[in-house]
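Inspection log for the structure reproduced underneath, given as structure tokens.
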Amino acid sequence: MASTYELAEPQAPETEASEPEASSPDGVPALVLLPVGEAVGVCDLDGACR
Amino acid sequence: MGAAIFGETEGKLVVDVWSDVMCPFCYMGDTLLAQAIEQFEHGSEVEVRYHSFLLMPELPSDRPSDLMEILVERKGFPREQAEAMNAQVTARGKAIGLDYRFDRAVAINSRTAHRLSHFAASEGRQHAMVHRLFKAYFTDGLNVGDHAVLADLAAEVGLDRDKALHAIESGAFEEVVDEDIRQARELGISGVPFFVLGGKYGVSGAQPVEAFLQALQSAWADRAAV
């Protein structure tokens with residue numbers, strides 16, 4: 001892995017949302033992700049925070 | 001709590017948050033969301049609910065570890081890089097009033113802390129409990145897997161210590177933790193913090209306050225349109 005905490009500067013939110021997707025086959029509603037763009041400030045199961 | 005994540009609670013806009021007590025960005029995200037809710041004109045009508053996500057479920061629950069040792073020896077990060085990046089998190093946290101002390105952090109399986117969070121939810125004190133757990137882990141260097149420590153923290157936020165200790169030691173809320181993890185998987189959540197507003201809008205990560213405000217406004221507009 002390249003780094004532990006790859007901090008990106010917080011980005012200003014976009015004004016446009018991603019298009020909602022259809023529900024998954026098991027009925028779980030799909031989410032509209034805000035803001036559009038790369039997620040920052042996330043930790044994952046590999047122990048990496050970026 | 002875990003079974004009814006989508007929809008409203010007594011007419012409020014619900015924000016469901018998946019996080020882990022040992023996730024530095026979850027502490028930040030919680031703080032930034034709280035700031036956004038403070039600025040949001042309908043903030044008093046927003047309810048935040050915390051769901052469990054275990055970043056390191058493989059950690060033992062009875063044997064604390066040094067966080068840096070885990071990152072370097074088990075996860076394979078270069079020590080200098082991990083330390084530098086911790087310093088960056090510390091600096092960013094300081095900018096929003098958080099005091100990160102990674103040198104004190106005691107890594108431990110966080111499942112019991114999550115169960116305590118759900119106990120606190122059942123008593124109407126989840127936000128205070130979660131916030132105290134973050135501070136205990138990141139600032140105070142406390143072992144958040146230790147039952148006595150957790151019971152003390154529960155008492156600090158106004159919960160009955162004996163009742164909290166009983167919940168911890170009886171294994172209560174295990175099924176709620178499992179349900180939260182299952183729901184996270186169903187929603188495709190692979191990292192935390194992750195926020196779901198009004199059961200529709202997802203926000204990934206410790207985003208700026210403006211992003212949370214935008215999401216709150218979108219979710220509120222949808223709610224009003226129904």
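Residue numbering restarts at 1 in every chain; chains get A, B, ... in the order shown in the structure tokens, and ligands count up from 1 in that same order.
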
Give one line per residue of chain B that approaches chain A to at most 6 Å, naming the two atoms of the closest pair and their distance in Å to one decimal, counting only C-alpha atoms; sort by chain then ascending residue number and deliver it as JSON lines.
```
{"residue": "B:Phe25", "atom": "CA", "partner": "A:Gly41", "partner_atom": "CA", "distance": 5.5}
{"residue": "B:Leu55", "atom": "CA", "partner": "A:Leu45", "partner_atom": "CA", "distance": 5.0}
{"residue": "B:Ala82", "atom": "CA", "partner": "A:Thr4", "partner_atom": "CA", "distance": 5.4}
{"residue": "B:Met85", "atom": "CA", "partner": "A:Tyr5", "partner_atom": "CA", "distance": 5.0}
{"residue": "B:Gly191", "atom": "CA", "partner": "A:Asp44", "partner_atom": "CA", "distance": 4.2}
{"residue": "B:Val192", "atom": "CA", "partner": "A:Val42", "partner_atom": "CA", "distance": 5.3}
{"residue": "B:Lys200", "atom": "CA", "partner": "A:Leu31", "partner_atom": "CA", "distance": 5.1}
{"residue": "B:Tyr201", "atom": "CA", "partner": "A:Val32", "partner_atom": "CA", "distance": 4.7}
{"residue": "B:Gly202", "atom": "CA", "partner": "A:Leu33", "partner_atom": "CA", "distance": 4.6}
{"residue": "B:Val203", "atom": "CA", "partner": "A:Leu34", "partner_atom": "CA", "distance": 5.2}
{"residue": "B:Ser204", "atom": "CA", "partner": "A:Ala39", "partner_atom": "CA", "distance": 5.9}
{"residue": "B:Gly205", "atom": "CA", "partner": "A:Val42", "partner_atom": "CA", "distance": 4.6}
{"residue": "B:Ala206", "atom": "CA", "partner": "A:Gly41", "partner_atom": "CA", "distance": 4.7}
{"residue": "B:Ala211", "atom": "CA", "partner": "A:Pro13", "partner_atom": "CA", "distance": 5.1}
```

Could you save the residues just selected, with N, CA, C and O atoms, as a compact mmCIF listing (two decimals), in the first residue's frame?
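As written to disk, result-v4.txt reads:
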```txt
# COMPACT_ATOMS: atom_id res chain seq x y z
N PHE B 25 -11.12 9.52 10.56
CA PHE B 25 -11.99 10.36 9.75
C PHE B 25 -13.46 10.28 10.21
O PHE B 25 -14.25 11.18 9.90
N LEU B 55 -13.46 -1.66 11.34
CA LEU B 55 -12.33 -1.56 10.41
C LEU B 55 -11.31 -2.67 10.64
O LEU B 55 -10.65 -3.12 9.71
N ALA B 82 3.66 6.56 7.83
CA ALA B 82 2.50 6.49 8.73
C ALA B 82 2.54 7.62 9.75
O ALA B 82 1.51 8.26 10.04
N MET B 85 1.71 10.95 8.04
CA MET B 85 0.29 11.06 7.72
C MET B 85 -0.55 11.25 8.99
O MET B 85 -1.53 12.00 8.99
N GLY B 191 -15.96 1.73 3.03
CA GLY B 191 -15.13 2.58 3.87
C GLY B 191 -16.00 3.49 4.70
O GLY B 191 -17.18 3.72 4.37
N VAL B 192 -15.43 3.97 5.78
CA VAL B 192 -16.19 4.86 6.68
C VAL B 192 -15.38 6.11 6.99
O VAL B 192 -14.15 6.10 6.86
N LYS B 200 -31.82 8.16 1.25
CA LYS B 200 -31.63 8.31 -0.19
C LYS B 200 -30.25 8.84 -0.57
O LYS B 200 -29.64 8.36 -1.53
N TYR B 201 -29.79 9.84 0.12
CA TYR B 201 -28.54 10.50 -0.27
C TYR B 201 -27.36 9.96 0.54
O TYR B 201 -27.40 9.94 1.77
N GLY B 202 -26.32 9.55 -0.16
CA GLY B 202 -25.14 9.03 0.50
C GLY B 202 -23.99 10.02 0.44
O GLY B 202 -23.76 10.66 -0.58
N VAL B 203 -23.30 10.18 1.55
CA VAL B 203 -22.10 11.02 1.60
C VAL B 203 -20.98 10.15 2.15
O VAL B 203 -21.09 9.59 3.23
N SER B 204 -19.91 10.03 1.37
CA SER B 204 -18.79 9.19 1.78
C SER B 204 -17.65 10.05 2.28
O SER B 204 -17.19 10.95 1.59
N GLY B 205 -17.21 9.80 3.49
CA GLY B 205 -16.03 10.46 4.01
C GLY B 205 -16.30 11.70 4.83
O GLY B 205 -17.43 12.19 4.93
N ALA B 206 -15.22 12.19 5.43
CA ALA B 206 -15.29 13.42 6.24
C ALA B 206 -15.25 14.61 5.30
O ALA B 206 -14.23 15.28 5.14
N ALA B 211 -20.53 20.36 2.06
CA ALA B 211 -21.05 19.15 1.41
C ALA B 211 -22.17 18.54 2.24
O ALA B 211 -23.20 18.09 1.70
```

* Which residues, written as a ChimeraX atom specification, have at least one atom at most 8 Å from segment 95-106 of chain B, with only C-alpha atoms counted and residues fewer than 6 positions away on the same chain left out? -> /B:28,31-32,64-67,86,89,137-144

Export of the given selection (N, CA and C atoms) as a CSV table (one decimal), in the first residue's frame:
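Printed below is part_19.csv as written:
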```csv
chain,number,residue,atom,x,y,z
B,28,MET,N,-13.7,13.0,12.7
B,28,MET,CA,-13.8,14.3,11.9
B,28,MET,C,-15.2,14.4,11.3
B,31,THR,N,-17.9,15.3,13.6
B,31,THR,CA,-17.8,16.7,14.0
B,31,THR,C,-18.3,17.7,12.9
B,32,LEU,N,-17.9,17.4,11.7
B,32,LEU,CA,-18.3,18.2,10.6
B,32,LEU,C,-19.8,18.2,10.3
B,64,PRO,N,-4.8,-5.4,24.2
B,64,PRO,CA,-4.5,-4.1,23.5
B,64,PRO,C,-3.2,-4.1,22.7
B,65,SER,N,-3.2,-3.4,21.6
B,65,SER,CA,-2.0,-3.4,20.7
B,65,SER,C,-1.7,-1.9,20.5
B,66,ASP,N,-0.4,-1.7,20.1
B,66,ASP,CA,0.0,-0.3,19.7
B,66,ASP,C,-0.4,-0.1,18.3
B,67,LEU,N,-1.1,1.0,18.1
B,67,LEU,CA,-1.6,1.3,16.8
B,67,LEU,C,-0.5,1.4,15.7
B,86,ASN,N,-0.2,10.6,10.1
B,86,ASN,CA,-0.9,10.8,11.3
B,86,ASN,C,-0.8,12.3,11.7
B,89,VAL,N,-3.3,14.2,9.8
B,89,VAL,CA,-4.6,14.1,10.3
B,89,VAL,C,-4.8,14.9,11.6
B,137,TYR,N,-10.7,7.3,22.6
B,137,TYR,CA,-9.7,6.5,21.8
B,137,TYR,C,-8.6,7.5,21.3
B,138,PHE,N,-9.0,8.6,20.7
B,138,PHE,CA,-8.1,9.4,20.0
B,138,PHE,C,-7.4,10.5,20.8
B,139,THR,N,-8.0,10.9,21.9
B,139,THR,CA,-7.3,11.9,22.7
B,139,THR,C,-6.8,11.4,24.1
B,140,ASP,N,-7.7,10.6,24.7
B,140,ASP,CA,-7.3,10.2,26.1
B,140,ASP,C,-6.5,8.9,26.1
B,141,GLY,N,-6.4,8.2,25.0
B,141,GLY,CA,-5.5,7.0,25.0
B,141,GLY,C,-6.1,5.9,25.9
B,142,LEU,N,-7.4,5.8,26.0
B,142,LEU,CA,-8.1,4.8,26.8
B,142,LEU,C,-8.3,3.5,26.1
B,143,ASN,N,-8.4,2.4,26.8
B,143,ASN,CA,-8.7,1.1,26.2
B,143,ASN,C,-10.2,1.0,26.1
B,144,VAL,N,-10.7,1.2,24.9
B,144,VAL,CA,-12.2,1.2,24.7
B,144,VAL,C,-12.7,-0.3,24.5
```

* To do: Just list the residues in segment 133-192 of chain B DSSP gives helix (DSSP H, G or I) on the backbone, as an NGL selection string.
  => :B and (133-138 or 147-156 or 161-169 or 174-186)

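Note that the spacing between atom CA of Leu71 of chain B and atom CA of Pro57 of chain B amounts to 14.4 Å.
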